[in-house]
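Below: the structure, in structure tokens.
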Amino acid sequence: SWPDFLYEMINSNISIYNGGFKGHDSACEIQKMMRDILLLKPDIILIYDGFNDIEQNHHSLFESNSNLSIIHTYINEKKLPDKPWYGISISDNTFDAWLYRIEMMYAIAKFFEIDFFVFVQPYLLSKKQPLSKYELLLKRYSLYYATDEILFASDQFAERLSEPDFHKKYPYIFNLMDIFDNEKEVYIDPCHVWEHGNKIIADTIYKHISSYIP
């Protein structure tokens, strides 16, 4: 994984905790940050996300697929109505909902004097060229199953993150969506990469955070 490569690059007396979890989006991350990460008193927090937000398309602060599965299990056991309320919608689009959660996490980290960085992950639909035969098949598969909402959210992320003043306004957010545009075969599936892809991710992240490492 890229955290393993990052640990090797730093080559220092530090600890890296990999909190990645299948299916987690920014709604899960903000909860996990408040519940677990702050108690570890880290010097730096790295967020690597984007794909699950695009795919899950949730607009409330704490709404996520992980939370939904727990809630629906409870609903079924208690025979409650099947439409629980997840809170006020942050926005009517996925990108703004994601950005709101990121801004909240940044504010929390800043309050606790923790350096905070966000890296928007690359995924197959964000890659341009070149595509290997395997990646081309994966992309056709992804497009076949992608809903209009997913495709719209994907375009939103690409457009908003590439706006000229975006990084100036959010200097702690780094867009990695095009990081593999010159790499021939990187993807295992629509969002996970082979070992050399993780090495590229780790190299890029290290360049941005190296001066902040204690």
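The way I read the labels, and the way they are meant: chains A, B, ... in the order of the structure tokens, residue 1 as the first residue of every chain, and ligand 1 as the first ligand shown, with later ones counted on from there.
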Using only C-alpha atoms, determine which residues lie at most 12 Å from A:Ser1, disregarding the query and same-chain residues fewer than 4 positions distant; provide the list as a list in words.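 The contact residues come out as Phe5, Leu6, Tyr7, Glu8, Asn18, Gly19, Gly20, His192, Val193, Trp194, Glu195, His196, Gly197, Asn198, Lys199, Ile200, Ile201 and Ala202 of chain A.
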Taking N, CA, C and O atoms for each residue, export the selection above as a short mmCIF file (atom, residue, chain, number, x, y, z; two decimals), in the first residue's frame.
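part.cif was written with the following content:
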data_model
loop_
_atom_site.label_atom_id
_atom_site.label_comp_id
_atom_site.auth_asym_id
_atom_site.auth_seq_id
_atom_site.Cartn_x
_atom_site.Cartn_y
_atom_site.Cartn_z
N PHE A 5 4.91 2.31 1.50
CA PHE A 5 5.99 2.96 0.75
C PHE A 5 6.37 4.29 1.40
O PHE A 5 7.56 4.65 1.46
N LEU A 6 5.37 5.01 1.86
CA LEU A 6 5.64 6.31 2.50
C LEU A 6 6.49 6.12 3.76
O LEU A 6 7.43 6.88 4.01
N TYR A 7 6.17 5.10 4.51
CA TYR A 7 6.94 4.80 5.74
C TYR A 7 8.40 4.52 5.40
O TYR A 7 9.31 4.99 6.09
N GLU A 8 8.64 3.75 4.34
CA GLU A 8 10.00 3.43 3.92
C GLU A 8 10.75 4.69 3.48
O GLU A 8 11.95 4.83 3.74
N ASN A 18 -2.47 3.43 9.31
CA ASN A 18 -3.29 3.39 8.09
C ASN A 18 -4.74 3.13 8.50
O ASN A 18 -5.10 2.03 8.89
N GLY A 19 -5.57 4.16 8.39
CA GLY A 19 -6.97 4.04 8.80
C GLY A 19 -7.92 3.77 7.65
O GLY A 19 -9.13 3.86 7.82
N GLY A 20 -7.36 3.42 6.49
CA GLY A 20 -8.22 3.15 5.33
C GLY A 20 -9.12 1.95 5.58
O GLY A 20 -8.71 0.95 6.18
N HIS A 192 -8.47 0.78 -7.32
CA HIS A 192 -7.25 0.30 -6.66
C HIS A 192 -6.16 0.03 -7.69
O HIS A 192 -6.46 -0.33 -8.83
N VAL A 193 -4.90 0.19 -7.25
CA VAL A 193 -3.78 0.13 -8.20
C VAL A 193 -2.77 -0.94 -7.81
O VAL A 193 -2.71 -1.38 -6.65
N TRP A 194 -1.96 -1.31 -8.81
CA TRP A 194 -0.87 -2.26 -8.57
C TRP A 194 0.22 -1.59 -7.75
O TRP A 194 0.19 -0.39 -7.48
N GLU A 195 1.21 -2.39 -7.36
CA GLU A 195 2.26 -1.92 -6.46
C GLU A 195 2.99 -0.69 -7.00
O GLU A 195 3.24 0.26 -6.25
N HIS A 196 3.32 -0.67 -8.28
CA HIS A 196 4.05 0.48 -8.81
C HIS A 196 3.20 1.75 -8.80
O HIS A 196 3.72 2.86 -8.69
N GLY A 197 1.87 1.58 -8.87
CA GLY A 197 0.97 2.73 -8.73
C GLY A 197 1.00 3.29 -7.33
O GLY A 197 1.02 4.52 -7.12
N ASN A 198 1.01 2.42 -6.33
CA ASN A 198 1.10 2.87 -4.93
C ASN A 198 2.42 3.57 -4.67
O ASN A 198 2.49 4.51 -3.87
N LYS A 199 3.48 3.12 -5.34
CA LYS A 199 4.78 3.78 -5.18
C LYS A 199 4.73 5.20 -5.73
O LYS A 199 5.26 6.14 -5.12
N ILE A 200 4.06 5.39 -6.86
CA ILE A 200 3.91 6.73 -7.44
C ILE A 200 3.11 7.63 -6.51
O ILE A 200 3.45 8.80 -6.30
N ILE A 201 2.04 7.09 -5.94
CA ILE A 201 1.23 7.86 -4.99
C ILE A 201 2.06 8.28 -3.80
O ILE A 201 2.04 9.45 -3.38
N ALA A 202 2.80 7.34 -3.22
CA ALA A 202 3.63 7.64 -2.05
C ALA A 202 4.69 8.69 -2.37
O ALA A 202 4.92 9.61 -1.58
#
Near stretch 145-159 of chain A, counting only C-alpha atoms, which residues have an atom at most 8 Å away, once you skip same-chain residues fewer than 5 positions from it, shown as a PyMOL selection string? chain A and resi 54-57+93-95+126+177
Suppose we keep N, CA and C atoms; can you now write the selection as a PDB file, in the first residue's frame?
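What landed in out-v6.pdb:
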ATOM      1  N   ILE A  54     -17.791   9.983  -4.689  1.00  0.00           N
ATOM      2  CA  ILE A  54     -18.398  10.043  -6.018  1.00  0.00           C
ATOM      3  C   ILE A  54     -19.361   8.880  -6.232  1.00  0.00           C
ATOM      4  N   GLU A  55     -18.930   7.690  -5.841  1.00  0.00           N
ATOM      5  CA  GLU A  55     -19.731   6.491  -6.075  1.00  0.00           C
ATOM      6  C   GLU A  55     -20.974   6.437  -5.192  1.00  0.00           C
ATOM      7  N   GLN A  56     -20.845   6.885  -3.937  1.00  0.00           N
ATOM      8  CA  GLN A  56     -21.961   6.759  -2.997  1.00  0.00           C
ATOM      9  C   GLN A  56     -22.912   7.947  -3.053  1.00  0.00           C
ATOM     10  N   ASN A  57     -22.383   9.130  -3.402  1.00  0.00           N
ATOM     11  CA  ASN A  57     -23.251  10.267  -3.728  1.00  0.00           C
ATOM     12  C   ASN A  57     -24.169  10.677  -2.579  1.00  0.00           C
ATOM     13  N   ASN A  93     -25.210  18.810  -4.414  1.00  0.00           N
ATOM     14  CA  ASN A  93     -24.247  18.104  -5.262  1.00  0.00           C
ATOM     15  C   ASN A  93     -23.149  17.468  -4.422  1.00  0.00           C
ATOM     16  N   THR A  94     -22.576  16.401  -4.950  1.00  0.00           N
ATOM     17  CA  THR A  94     -21.631  15.571  -4.210  1.00  0.00           C
ATOM     18  C   THR A  94     -20.338  16.299  -3.891  1.00  0.00           C
ATOM     19  N   PHE A  95     -19.836  17.084  -4.827  1.00  0.00           N
ATOM     20  CA  PHE A  95     -18.556  17.752  -4.588  1.00  0.00           C
ATOM     21  C   PHE A  95     -18.646  18.721  -3.421  1.00  0.00           C
ATOM     22  N   SER A 126     -10.974   8.628 -14.206  1.00  0.00           N
ATOM     23  CA  SER A 126     -10.282   9.925 -14.271  1.00  0.00           C
ATOM     24  C   SER A 126      -9.020   9.851 -15.121  1.00  0.00           C
ATOM     25  N   MET A 177      -5.903  13.181  -9.361  1.00  0.00           N
ATOM     26  CA  MET A 177      -6.746  12.459 -10.310  1.00  0.00           C
ATOM     27  C   MET A 177      -6.055  12.174 -11.640  1.00  0.00           C
TER      28      MET A 177
END
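Comparing A:Leu136, A:Ile16, A:Met104, A:Ile88 by their smallest distance to A:Leu46, the closest is A:Ile16 (using only C-alpha atoms).
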Two-atom distance - atom CA of A:His167, atom CA of A:Val118 (Å):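 For atom CA of A:His167 relative to atom CA of A:Val118, the distance reads 11.2 Å.
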Mind checking DSSP for stretch 20-163 of chain A and telling me the strand (DSSP E or B) residues as a CSV table (one decimal) with N, CA, C and O atoms, in the first residue's frame?
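Once written, result-v7.csv looks like this:
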chain,number,residue,atom,x,y,z
A,44,ILE,N,0.5,14.8,12.0
A,44,ILE,CA,0.0,15.0,10.6
A,44,ILE,C,-1.2,14.1,10.4
A,44,ILE,O,-1.1,12.9,10.8
A,45,ILE,N,-2.2,14.6,9.7
A,45,ILE,CA,-3.3,13.7,9.2
A,45,ILE,C,-3.3,13.8,7.7
A,45,ILE,O,-3.3,14.9,7.2
A,46,LEU,N,-3.3,12.7,7.1
A,46,LEU,CA,-3.4,12.6,5.6
A,46,LEU,C,-4.8,12.0,5.2
A,46,LEU,O,-5.1,10.9,5.7
A,47,ILE,N,-5.5,12.7,4.4
A,47,ILE,CA,-6.8,12.2,3.9
A,47,ILE,C,-6.6,11.8,2.4
A,47,ILE,O,-6.0,12.6,1.6
A,48,TYR,N,-6.9,10.6,2.1
A,48,TYR,CA,-6.8,10.1,0.7
A,48,TYR,C,-8.2,9.6,0.3
A,48,TYR,O,-8.6,8.5,0.7
A,49,ASP,N,-9.0,10.3,-0.5
A,49,ASP,CA,-10.3,9.9,-0.7
A,49,ASP,C,-10.8,10.6,-2.0
A,49,ASP,O,-10.1,11.2,-2.8
A,60,SER,N,-25.7,14.4,3.0
A,60,SER,CA,-25.8,14.8,4.4
A,60,SER,C,-24.5,14.6,5.1
A,60,SER,O,-23.6,13.8,4.7
A,89,SER,N,-29.4,18.2,4.4
A,89,SER,CA,-28.5,18.1,3.3
A,89,SER,C,-27.5,19.2,3.3
A,89,SER,O,-27.9,20.4,3.4
A,115,ASP,N,-1.1,19.2,11.5
A,115,ASP,CA,-1.0,19.5,10.1
A,115,ASP,C,-1.9,18.6,9.3
A,115,ASP,O,-2.0,17.4,9.6
A,116,PHE,N,-2.6,19.1,8.3
A,116,PHE,CA,-3.7,18.4,7.7
A,116,PHE,C,-3.6,18.5,6.2
A,116,PHE,O,-3.4,19.6,5.6
A,117,PHE,N,-3.6,17.4,5.5
A,117,PHE,CA,-3.5,17.4,4.0
A,117,PHE,C,-4.5,16.4,3.4
A,117,PHE,O,-4.8,15.4,4.0
A,118,VAL,N,-5.0,16.8,2.3
A,118,VAL,CA,-6.0,16.0,1.5
A,118,VAL,C,-5.4,15.7,0.2
A,118,VAL,O,-5.0,16.6,-0.6
A,119,PHE,N,-5.5,14.4,-0.2
A,119,PHE,CA,-5.1,14.0,-1.6
A,119,PHE,C,-6.3,13.3,-2.2
A,119,PHE,O,-6.7,12.3,-1.8
A,120,VAL,N,-6.8,14.0,-3.3
A,120,VAL,CA,-7.9,13.4,-4.0
A,120,VAL,C,-7.4,12.3,-4.9
A,120,VAL,O,-6.6,12.5,-5.8
To one decimal in Å, tell me the separation between atom CA of A:Lys133 and atom CA of A:Glu183.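 A separation of 13.1 Å between them.
Atom CA of A:Ser12 is positioned 13.3 Å from atom CA of A:Ser211.
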So, counting only C-alpha atoms, which residue among A:Phe51, A:Tyr187, A:Tyr206, A:Trp2 is closest to A:Leu137?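 Residue with the minimum atom-to-atom distance to A:Leu137: A:Tyr187.
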